[in-house]
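*Asks:* Okay, so here is coords-v3.cif, and as you'll see once you scroll down, it has mmCIF, C-alpha atoms and all ligand atoms.
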```
data_start
#
loop_
_atom_site.group_PDB
_atom_site.id
_atom_site.type_symbol
_atom_site.label_atom_id
_atom_site.label_comp_id
_atom_site.auth_asym_id
_atom_site.auth_seq_id
_atom_site.Cartn_x
_atom_site.Cartn_y
_atom_site.Cartn_z
ATOM 1 C CA MET V 171 -2.879 144.954 117.392
ATOM 2 C CA PRO V 172 0.285 146.117 115.554
ATOM 3 C CA PRO V 173 3.361 143.951 116.112
ATOM 4 C CA ILE V 174 5.879 144.792 118.805
ATOM 5 C CA ILE V 175 9.055 145.934 117.057
ATOM 6 C CA ALA V 176 12.314 144.987 118.744
ATOM 7 C CA ARG V 177 15.656 146.301 117.503
ATOM 8 C CA THR V 178 18.027 145.427 120.325
ATOM 9 C CA ARG V 179 18.629 142.321 122.409
ATOM 10 C CA ASP V 180 17.053 144.037 125.440
ATOM 11 C CA GLU V 181 13.957 145.035 123.455
ATOM 12 C CA LEU V 182 13.710 141.488 122.144
ATOM 13 C CA ALA V 183 14.021 139.976 125.644
ATOM 14 C CA GLU V 184 11.349 142.388 126.909
ATOM 15 C CA ALA V 185 9.004 141.570 123.989
ATOM 16 C CA ARG V 186 9.705 137.865 124.387
ATOM 17 C CA SER V 187 8.671 138.028 128.057
ATOM 18 C CA GLN V 188 5.335 139.606 127.067
ATOM 19 C CA VAL V 189 4.252 136.869 124.645
ATOM 20 C CA GLY V 190 2.999 133.558 125.927
ATOM 21 C CA GLY V 191 2.307 130.080 124.562
ATOM 22 C CA THR V 192 4.206 128.531 121.690
ATOM 23 C CA LEU V 193 6.216 130.809 119.424
ATOM 24 C CA ALA V 194 7.019 130.309 115.733
ATOM 25 C CA LEU V 195 9.794 132.317 114.071
ATOM 26 C CA VAL V 196 9.879 133.197 110.383
ATOM 27 C CA PRO V 197 13.465 134.341 109.657
ATOM 28 C CA THR V 198 13.671 136.643 106.619
ATOM 29 C CA MET V 199 15.930 139.156 104.929
ATOM 30 C CA GLY V 200 12.944 141.444 104.323
ATOM 31 C CA ALA V 201 11.594 142.509 100.908
ATOM 32 C CA LEU V 202 8.578 140.466 101.951
ATOM 33 C CA HIS V 203 6.217 139.080 99.319
ATOM 34 C CA GLU V 204 3.379 136.570 98.984
ATOM 35 C CA GLY V 205 5.826 133.724 99.678
ATOM 36 C CA HIS V 206 6.684 135.218 103.075
ATOM 37 C CA ARG V 207 2.997 135.772 103.773
ATOM 38 C CA SER V 208 2.465 132.047 103.280
ATOM 39 C CA LEU V 209 5.319 131.278 105.726
ATOM 40 C CA ILE V 210 3.720 133.607 108.274
ATOM 41 C CA ARG V 211 0.334 131.911 107.784
ATOM 42 C CA ARG V 212 2.006 128.512 108.203
ATOM 43 C CA ALA V 213 3.552 129.782 111.438
ATOM 44 C CA ARG V 214 0.198 131.074 112.638
ATOM 45 C CA ARG V 215 -1.409 127.639 112.118
ATOM 46 C CA SER V 216 1.172 125.967 114.373
ATOM 47 C CA ALA V 217 1.851 128.437 117.181
ATOM 48 C CA ASP V 218 0.144 130.918 119.496
ATOM 49 C CA THR V 219 2.598 133.697 118.726
ATOM 50 C CA VAL V 220 4.356 134.555 115.457
ATOM 51 C CA ALA V 221 7.670 136.388 115.251
ATOM 52 C CA VAL V 222 9.343 137.560 112.040
ATOM 53 C CA SER V 223 12.990 138.567 111.891
ATOM 54 C CA ILE V 224 14.233 140.952 109.202
ATOM 55 C CA PHE V 225 17.990 141.106 108.739
ATOM 56 C CA VAL V 226 20.057 141.194 105.541
ATOM 57 C CA ASN V 227 22.891 138.969 106.698
ATOM 58 C CA PRO V 228 26.254 140.096 105.270
ATOM 59 C CA LEU V 229 27.901 136.776 106.171
ATOM 60 C CA GLN V 230 25.948 134.827 103.564
ATOM 61 C CA PHE V 231 26.807 137.068 100.584
ATOM 62 C CA GLY V 232 29.975 136.502 98.550
ATOM 63 C CA PRO V 233 32.201 139.487 97.635
ATOM 64 C CA ASP V 234 30.702 139.689 94.110
ATOM 65 C CA GLU V 235 27.100 139.193 95.223
ATOM 66 C CA ASP V 236 24.225 141.611 95.725
ATOM 67 C CA PHE V 237 24.509 142.518 99.427
ATOM 68 C CA ASP V 238 24.621 146.276 98.755
ATOM 69 C CA ARG V 239 21.741 146.316 96.306
ATOM 70 C CA TYR V 240 19.617 143.668 98.080
ATOM 71 C CA PRO V 241 16.126 145.260 98.354
ATOM 72 C CA ARG V 242 15.488 146.903 101.721
ATOM 73 C CA THR V 243 11.793 147.789 102.086
ATOM 74 C CA LEU V 244 11.281 147.992 105.840
ATOM 75 C CA ASP V 245 8.126 150.154 105.899
ATOM 76 C CA ALA V 246 6.326 147.876 103.432
ATOM 77 C CA ASP V 247 7.602 144.810 105.335
ATOM 78 C CA LEU V 248 6.192 146.130 108.607
ATOM 79 C CA ASP V 249 2.842 146.790 106.890
ATOM 80 C CA ILE V 250 2.774 143.174 105.686
ATOM 81 C CA CYS V 251 3.631 141.908 109.177
ATOM 82 C CA ALA V 252 0.817 144.021 110.672
ATOM 83 C CA ASP V 253 -1.587 142.851 107.974
ATOM 84 C CA GLU V 254 -0.727 139.202 108.702
ATOM 85 C CA GLY V 255 -1.209 139.636 112.462
ATOM 86 C CA VAL V 256 2.467 139.046 113.322
ATOM 87 C CA ASN V 257 3.007 139.601 117.052
ATOM 88 C CA LEU V 258 6.699 140.445 117.144
ATOM 89 C CA VAL V 259 9.135 141.757 114.524
ATOM 90 C CA PHE V 260 12.850 141.577 115.297
ATOM 91 C CA VAL V 261 14.761 144.084 113.152
ATOM 92 C CA PRO V 262 18.312 144.120 114.510
ATOM 93 C CA PRO V 263 20.901 146.469 113.031
ATOM 94 C CA ARG V 264 24.237 144.927 112.048
ATOM 95 C CA SER V 265 25.807 146.166 115.303
ATOM 96 C CA VAL V 266 23.365 144.023 117.304
ATOM 97 C CA MET V 267 23.898 140.853 115.270
ATOM 98 C CA TYR V 268 27.645 141.317 114.810
ATOM 99 C CA PRO V 269 29.014 143.722 117.447
ATOM 100 C CA ASP V 270 32.477 142.394 116.486
ATOM 101 C CA GLU V 271 33.743 140.358 113.561
ATOM 102 C CA PRO V 272 32.612 136.861 114.663
ATOM 103 C CA GLN V 273 35.488 134.508 115.478
ATOM 104 C CA VAL V 274 33.366 131.405 115.954
ATOM 105 C CA THR V 275 30.976 130.544 113.129
ATOM 106 C CA VAL V 276 28.995 127.519 111.981
ATOM 107 C CA ARG V 277 30.424 125.291 109.237
ATOM 108 C CA SER V 278 27.866 123.585 107.082
ATOM 109 C CA GLY V 279 30.158 120.640 106.219
ATOM 110 C CA PRO V 280 29.800 118.514 103.066
ATOM 111 C CA ILE V 281 26.057 119.114 102.582
ATOM 112 C CA GLY V 282 26.743 122.850 102.278
ATOM 113 C CA GLU V 283 29.679 122.503 99.890
ATOM 114 C CA VAL V 284 27.840 120.916 96.964
ATOM 115 C CA VAL V 285 25.303 122.265 94.435
ATOM 116 C CA GLU V 286 24.472 125.862 95.540
ATOM 117 C CA GLY V 287 27.342 125.719 98.045
ATOM 118 C CA ALA V 288 29.793 124.865 95.245
ATOM 119 C CA SER V 289 28.796 127.955 93.231
ATOM 120 C CA ARG V 290 28.587 130.173 96.362
ATOM 121 C CA PRO V 291 31.483 129.158 98.643
ATOM 122 C CA GLY V 292 30.816 130.088 102.281
ATOM 123 C CA HIS V 293 27.171 130.969 101.647
ATOM 124 C CA PHE V 294 25.711 128.205 103.807
ATOM 125 C CA ASP V 295 28.241 128.788 106.612
ATOM 126 C CA GLY V 296 27.149 132.440 106.812
ATOM 127 C CA MET V 297 23.479 131.522 106.571
ATOM 128 C CA LEU V 298 23.730 128.891 109.337
ATOM 129 C CA THR V 299 25.653 131.267 111.582
ATOM 130 C CA VAL V 300 22.908 133.879 111.462
ATOM 131 C CA VAL V 301 20.108 131.310 111.740
ATOM 132 C CA LEU V 302 21.684 129.814 114.870
ATOM 133 C CA LYS V 303 22.114 133.291 116.348
ATOM 134 C CA LEU V 304 18.473 134.152 115.579
ATOM 135 C CA LEU V 305 17.295 130.877 117.123
ATOM 136 C CA ASN V 306 19.370 131.572 120.242
ATOM 137 C CA LEU V 307 18.083 135.138 120.516
ATOM 138 C CA VAL V 308 14.385 134.546 119.806
ATOM 139 C CA ARG V 309 14.170 131.006 121.306
ATOM 140 C CA PRO V 310 11.183 129.869 119.192
ATOM 141 C CA ASP V 311 9.476 126.492 119.490
ATOM 142 C CA LEU V 312 9.278 126.274 115.706
ATOM 143 C CA ALA V 313 11.025 127.993 112.814
ATOM 144 C CA ILE V 314 9.522 128.110 109.320
ATOM 145 C CA PHE V 315 11.597 128.123 106.113
ATOM 146 C CA GLY V 316 10.539 128.039 102.466
ATOM 147 C CA GLU V 317 11.046 124.871 100.449
ATOM 148 C CA LYS V 318 12.105 127.082 97.539
ATOM 149 C CA ASP V 319 15.510 127.187 99.225
ATOM 150 C CA ALA V 320 15.562 123.395 99.475
ATOM 151 C CA GLN V 321 19.274 123.067 100.203
ATOM 152 C CA GLN V 322 19.087 125.824 102.821
ATOM 153 C CA LEU V 323 16.278 123.904 104.512
ATOM 154 C CA ALA V 324 18.254 120.634 104.384
ATOM 155 C CA VAL V 325 21.384 122.286 105.801
ATOM 156 C CA ILE V 326 19.383 123.911 108.615
ATOM 157 C CA ARG V 327 17.727 120.587 109.476
ATOM 158 C CA ARG V 328 21.172 119.000 109.599
ATOM 159 C CA MET V 329 22.542 121.733 111.896
ATOM 160 C CA VAL V 330 19.577 121.413 114.245
ATOM 161 C CA ALA V 331 20.027 117.620 114.402
ATOM 162 C CA ASP V 332 23.829 117.660 114.697
ATOM 163 C CA LEU V 333 23.998 120.462 117.283
ATOM 164 C CA ASN V 334 20.833 119.448 119.218
ATOM 165 C CA VAL V 335 19.242 122.852 118.735
ATOM 166 C CA PRO V 336 15.922 122.769 120.634
ATOM 167 C CA VAL V 337 13.606 123.880 117.827
ATOM 168 C CA GLU V 338 11.288 122.206 115.328
ATOM 169 C CA ILE V 339 12.081 123.095 111.716
ATOM 170 C CA VAL V 340 9.075 123.320 109.404
ATOM 171 C CA GLY V 341 9.276 123.565 105.608
ATOM 172 C CA ALA V 342 6.568 125.457 103.691
ATOM 173 C CA PRO V 343 5.781 124.966 99.988
ATOM 174 C CA THR V 344 7.053 127.291 97.255
ATOM 175 C CA ILE V 345 4.599 129.945 96.108
ATOM 176 C CA ARG V 346 4.566 130.667 92.359
ATOM 177 C CA GLU V 347 3.260 133.332 90.015
ATOM 178 C CA PRO V 348 0.414 132.090 87.769
ATOM 179 C CA ASP V 349 2.992 131.490 84.975
ATOM 180 C CA GLY V 350 5.146 129.311 87.249
ATOM 181 C CA LEU V 351 7.922 131.727 88.310
ATOM 182 C CA ALA V 352 8.814 130.973 91.932
ATOM 183 C CA LEU V 353 8.396 134.023 94.166
ATOM 184 C CA SER V 354 11.689 135.534 95.291
ATOM 185 C CA SER V 355 12.760 138.882 96.658
ATOM 186 C CA ARG V 356 15.253 138.967 93.756
ATOM 187 C CA ASN V 357 12.497 138.812 91.093
ATOM 188 C CA ARG V 358 12.133 142.578 91.430
ATOM 189 C CA TYR V 359 15.565 142.976 89.786
ATOM 190 C CA LEU V 360 14.278 141.403 86.539
ATOM 191 C CA SER V 361 13.328 143.446 83.464
ATOM 192 C CA ALA V 362 10.335 142.181 81.446
ATOM 193 C CA ASP V 363 12.665 140.376 78.985
ATOM 194 C CA GLU V 364 14.767 138.869 81.767
ATOM 195 C CA ARG V 365 11.657 137.665 83.544
ATOM 196 C CA GLN V 366 10.558 135.923 80.334
ATOM 197 C CA THR V 367 13.905 134.081 80.152
ATOM 198 C CA ALA V 368 13.734 133.269 83.882
ATOM 199 C CA LEU V 369 10.549 131.275 83.284
ATOM 200 C CA ALA V 370 12.803 128.556 81.834
ATOM 201 C CA LEU V 371 13.723 127.503 85.374
ATOM 202 C CA SER V 372 10.189 126.491 86.361
ATOM 203 C CA LEU V 373 9.472 125.172 82.853
ATOM 204 C CA ALA V 374 12.528 122.906 83.127
ATOM 205 C CA LEU V 375 11.332 121.605 86.500
ATOM 206 C CA HIS V 376 7.923 120.981 84.999
ATOM 207 C CA ALA V 377 9.408 119.059 82.079
ATOM 208 C CA GLY V 378 11.521 117.029 84.505
ATOM 209 C CA SER V 379 8.527 116.222 86.747
ATOM 210 C CA ASP V 380 6.526 115.058 83.735
ATOM 211 C CA ALA V 381 9.254 112.483 83.003
ATOM 212 C CA VAL V 382 9.454 111.094 86.560
ATOM 213 C CA THR V 383 8.102 107.643 85.675
ATOM 214 C CA LYS V 384 10.929 107.245 83.154
ATOM 215 C CA GLY V 385 13.700 107.527 85.750
ATOM 216 C CA PRO V 386 16.411 109.995 86.821
ATOM 217 C CA ASP V 387 18.362 110.218 83.538
ATOM 218 C CA THR V 388 15.238 111.039 81.534
ATOM 219 C CA VAL V 389 14.177 113.641 84.122
ATOM 220 C CA LEU V 390 17.534 115.402 83.839
ATOM 221 C CA ALA V 391 17.527 115.222 80.040
ATOM 222 C CA ALA V 392 14.006 116.699 79.866
ATOM 223 C CA ALA V 393 14.997 119.598 82.130
ATOM 224 C CA ALA V 394 18.253 120.144 80.215
ATOM 225 C CA THR V 395 16.399 120.453 76.891
ATOM 226 C CA VAL V 396 14.399 123.429 78.224
ATOM 227 C CA LEU V 397 17.477 125.021 79.800
ATOM 228 C CA ASP V 398 19.582 124.607 76.637
ATOM 229 C CA LYS V 399 16.973 126.532 74.706
ATOM 230 C CA ALA V 400 16.968 129.313 77.302
ATOM 231 C CA ALA V 401 20.757 129.548 77.006
ATOM 232 C CA THR V 402 20.277 130.942 73.485
ATOM 233 C CA ALA V 403 17.412 133.306 74.392
ATOM 234 C CA ASN V 404 17.822 137.089 74.463
ATOM 235 C CA PRO V 405 18.741 137.786 77.234
ATOM 236 C CA PRO V 406 20.214 134.312 77.825
ATOM 237 C CA LEU V 407 20.008 132.101 80.879
ATOM 238 C CA LEU V 408 23.516 131.378 82.173
ATOM 239 C CA LEU V 409 23.015 128.030 83.839
ATOM 240 C CA ASP V 410 24.818 127.376 87.143
ATOM 241 C CA TYR V 411 23.516 123.833 87.589
ATOM 242 C CA VAL V 412 20.673 121.418 87.098
ATOM 243 C CA VAL V 413 20.895 118.455 89.459
ATOM 244 C CA LEU V 414 18.820 115.601 90.750
ATOM 245 C CA VAL V 415 19.795 114.981 94.361
ATOM 246 C CA ASP V 416 18.899 113.121 97.527
ATOM 247 C CA PRO V 417 16.994 115.692 99.655
ATOM 248 C CA ALA V 418 18.854 114.716 102.833
ATOM 249 C CA THR V 419 22.426 114.943 101.460
ATOM 250 C CA PHE V 420 22.148 116.953 98.251
ATOM 251 C CA LEU V 421 24.335 114.331 96.562
ATOM 252 C CA PRO V 422 23.334 113.171 93.053
ATOM 253 C CA VAL V 423 21.015 110.174 92.825
ATOM 254 C CA THR V 424 22.005 107.195 90.667
ATOM 255 C CA PRO V 425 20.216 106.337 87.380
ATOM 256 C CA VAL V 426 18.407 103.452 89.172
ATOM 257 C CA TYR V 427 17.485 105.453 92.295
ATOM 258 C CA THR V 428 14.107 104.972 93.956
ATOM 259 C CA GLY V 429 12.787 107.246 96.724
ATOM 260 C CA PRO V 430 12.450 110.991 97.252
ATOM 261 C CA ALA V 431 14.622 113.368 95.234
ATOM 262 C CA VAL V 432 14.929 117.072 94.509
ATOM 263 C CA LEU V 433 15.344 118.410 90.987
ATOM 264 C CA ALA V 434 17.155 121.706 91.561
ATOM 265 C CA VAL V 435 18.183 124.370 89.095
ATOM 266 C CA ALA V 436 20.001 127.689 89.320
ATOM 267 C CA GLY V 437 21.145 130.266 86.844
ATOM 268 C CA ARG V 438 21.766 133.890 86.144
ATOM 269 C CA VAL V 439 19.638 136.137 83.968
ATOM 270 C CA GLY V 440 21.367 139.490 83.534
ATOM 271 C CA ALA V 441 22.849 140.188 86.972
ATOM 272 C CA THR V 442 20.210 138.203 88.863
ATOM 273 C CA HIS V 443 20.892 134.829 90.460
ATOM 274 C CA LEU V 444 17.767 132.677 90.595
ATOM 275 C CA ILE V 445 17.135 129.215 92.040
ATOM 276 C CA ASP V 446 14.198 126.848 91.958
ATOM 277 C CA ASN V 447 13.458 123.200 92.686
ATOM 278 C CA VAL V 448 10.747 120.601 92.764
ATOM 279 C CA PRO V 449 10.432 117.520 94.985
ATOM 280 C CA LEU V 450 10.043 114.247 93.083
ATOM 281 C CA GLN V 451 9.366 110.660 94.077
ATOM 282 C CA PHE V 452 10.945 107.803 92.083
ATOM 283 C CA SER V 453 8.741 104.884 92.974
ATOM 284 C CA GLU V 454 10.215 102.114 90.869
ATOM 285 C CA GLU V 455 13.072 101.409 88.525
ATOM 286 C CA PRO V 456 12.301 102.516 84.980
HETATM 287 O O1 LIG V 501 16.120 132.590 103.387
HETATM 288 C C1 LIG V 501 16.501 133.694 103.833
HETATM 289 O O2 LIG V 501 15.857 134.727 103.677
HETATM 290 C C2 LIG V 501 17.822 133.768 104.601
HETATM 291 O O3 LIG V 501 18.746 132.870 104.071
HETATM 292 C C3 LIG V 501 17.647 133.537 106.115
HETATM 293 C C4 LIG V 501 17.169 132.134 106.410
HETATM 294 C C5 LIG V 501 16.676 134.555 106.683
HETATM 295 C C6 LIG V 501 18.998 133.727 106.819
HETATM 296 O O4 LIG V 501 19.531 134.987 106.593
#
```
How does the structure come out when it is put into structure tokens?
Ligand code: PAF

*Replies:*
Amino acid sequence: MPPIIARTRDELAEARSQVGGTLALVPTMGALHEGHRSLIRRARRSADTVAVSIFVNPLQFGPDEDFDRYPRTLDADLDICADEGVNLVFVPPRSVMYPDEPQVTVRSGPIGEVVEGASRPGHFDGMLTVVLKLLNLVRPDLAIFGEKDAQQLAVIRRMVADLNVPVEIVGAPTIREPDGLALSSRNRYLSADERQTALALSLALHAGSDAVTKGPDTVLAAAATVLDKAATANPPLLLDYVVLVDPATFLPVTPVYTGPAVLAVAGRVGATHLIDNVPLQFSEEP
């Protein structure tokens, strides 16, 4: 059966009343790819009904970012949703999500002001605002987010805990191309040469992971060696950051840290902003 498509709050309420059992929401900005398919499949494994939302949220883009050129591929997205057996697709226009300029928004606090939040001020506030609105509108039992956006996932978990939002947040693993490039809707901006340079992000994470038994400083140095080389490639990688952080706070770990960590990297190739990360476990002092 093709998914029910809801565009307004009334259509969503009507569709919501027709579906029974547990409901999992996969919030997206569209331009769906294999990574989104894996989120949908993860949702399907945990709930009776799967809903996908498609909305390019203006609040989470900075003034110099790619809101206008962000890929909008609704027909292909709906085909993917149908193919994956999604039950409900919520595709609100801007006037439904933001009938007026919102006065009250969510603030991410310190966890959203570091790392990606430091290079994109306001990004996590805008993202949390739309995620909370989507959760309030769709009222899912679970919501699935990709671990590729590790800080986004951490910030959402923190909002749900701090504001007692009645939903279970589930993280789903990053899906990669065979050569290691993490899937992203923004990969379609890359030329062949830019894509080659972009591989440095996953290669750096790989080099860092290989050094995990030697401790945090060695992990960072191994990743930095790969990234330094990419900075002189043609086209070059313009590094935003490479950090090793506590997954719950996104604050840097100490050189003697033991426990879970995230090695996260971000940079620009041409006009394209790319991020990637890998979870690590430091089991003992080096
Ligand atoms: O990860 C995304 O695609 C977006 O940040 C989200 C969670 C759908 C909110 O707009």

*Asks:* Check every protein, DNA and RNA residue against ligand LIG 501 (chain V), keep those with an atom at most 7 Å away (counting all atoms listed in the file), and present them as a ChimeraX atom specification.

*Replies:* /V:197-199,225-227,297,300-301,315,319

*Asks:* Using all atoms listed in the file, can you list as a list in words the residues within 10 Å of (17.5, 131.1, 76.2)?

*Replies:*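 Returned residue set, sorted by chain then number, is Glu364, Gln366, Thr367, Ala368, Leu369, Ala370, Val396, Leu397, Asp398, Lys399, Ala400, Ala401, Thr402, Ala403, Asn404, Pro405, Pro406, Leu407, Leu408, Leu409 and Val439 of chain V.
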
*Asks:* Take the PyMOL selection byres (((chain V and resi 334-342) around 7) and not hetatm), run it mentally on this structure, and tell me the resulting residues as a PDB file with C-alpha atoms, in the frame of the given file.

*Replies:*
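Final output, saved to selection_29.pdb:
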```
ATOM      1  CA  LEU V 209       5.319 131.278 105.726  1.00  0.00           C
ATOM      2  CA  PRO V 310      11.183 129.869 119.192  1.00  0.00           C
ATOM      3  CA  ASP V 311       9.476 126.492 119.490  1.00  0.00           C
ATOM      4  CA  LEU V 312       9.278 126.274 115.706  1.00  0.00           C
ATOM      5  CA  ALA V 313      11.025 127.993 112.814  1.00  0.00           C
ATOM      6  CA  ILE V 314       9.522 128.110 109.320  1.00  0.00           C
ATOM      7  CA  PHE V 315      11.597 128.123 106.113  1.00  0.00           C
ATOM      8  CA  GLY V 316      10.539 128.039 102.466  1.00  0.00           C
ATOM      9  CA  GLU V 317      11.046 124.871 100.449  1.00  0.00           C
ATOM     10  CA  ARG V 327      17.727 120.587 109.476  1.00  0.00           C
ATOM     11  CA  VAL V 330      19.577 121.413 114.245  1.00  0.00           C
ATOM     12  CA  ALA V 331      20.027 117.620 114.402  1.00  0.00           C
ATOM     13  CA  ASP V 332      23.829 117.660 114.697  1.00  0.00           C
ATOM     14  CA  LEU V 333      23.998 120.462 117.283  1.00  0.00           C
ATOM     15  CA  PRO V 343       5.781 124.966  99.988  1.00  0.00           C
ATOM     16  CA  THR V 344       7.053 127.291  97.255  1.00  0.00           C
TER      17      THR V 344
END
```

*Asks:* Using only C-alpha atoms, can you tell me which of V:Arg214, V:Arg356, V:Phe294, V:Arg346 comes closest to V:Phe237?

*Replies:*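 Result for the nearest residue to V:Phe237: V:Arg356.
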
*Asks:* What does the distance from atom CA of V:Pro417 to atom CA of V:Val325 come to in Å, to one decimal?

*Replies:*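 Computing the Euclidean distance for atom CA of V:Pro417 and atom CA of V:Val325 yields 10.0 Å.
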
*Asks:* What does the distance from atom CA of V:Met171 to atom CA of V:Gly205 come to in Å, to one decimal?

*Replies:* 22.7 Å

*Asks:* Here is a test: counting all atoms listed in the file, which residue of V:Asp236, V:Arg211, V:Arg277, V:Val259 is nearest to V:Ala176?

*Replies:*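 Closest to V:Ala176, using all atoms listed in the file: V:Val259.
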
*Asks:* Taking the file as shown, find all residues satisfying the PyMOL selection byres (((chain V and resi 352) around 10) and not hetatm) and write them as a list in words.

*Replies:*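 That selection, the PyMOL selection byres (((chain V and resi 352) around 10) and not hetatm), comes back as Gly205, Lys318, Thr344, Ile345, Arg346, Glu347, Pro348, Asp349, Gly350, Leu351, Leu353, Ser354, Asn357, Ala368, Leu369, Leu371, Ser372, Leu444, Ile445, Asp446 and Asn447 of chain V.
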
*Asks:* Measuring atom to atom with all atoms listed in the file, identify which of V:Ser223, V:Ser361, V:Gln322, V:Ser379 is nearest to V:Val256.

*Replies:* V:Ser223

*Asks:* If we count all atoms listed in the file and set the cut-off at 10 Å, which residues sit around V:Pro449, ignoring sequence neighbours fewer than 5 positions away in its own chain? Please answer as a list of chain:residue names.

*Replies:* V:Glu317, V:Ala320, V:Leu375, V:Ser379, V:Leu414, V:Val415, V:Asp416, V:Pro417, V:Pro430, V:Ala431, V:Val432, V:Leu433, V:Ala434

*Asks:* Any chance you could work out the residue set of the PyMOL selection byres (((chain V and resi 260) around 7) and not hetatm) here, as a list in words?

*Replies:* Ile175, Ala176, Arg177, Leu182, Val222, Ser223, Ile224, Leu258, Val259, Val261 and Pro262 of chain V

*Asks:* Choose the residue, out of V:Thr395, V:Ser355, V:Thr388, V:Thr299, that has the smallest atom-to-atom separation from V:Glu204; count all atoms listed in the file.

*Replies:*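 Among V:Thr395, V:Ser355, V:Thr388, V:Thr299, it is V:Ser355 that comes nearest to V:Glu204.
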
*Asks:* Just the number, please: distance in Å from atom CA of V:Val435 to atom CA of V:Val413, one decimal.

*Replies:*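 The value is 6.5 Å.
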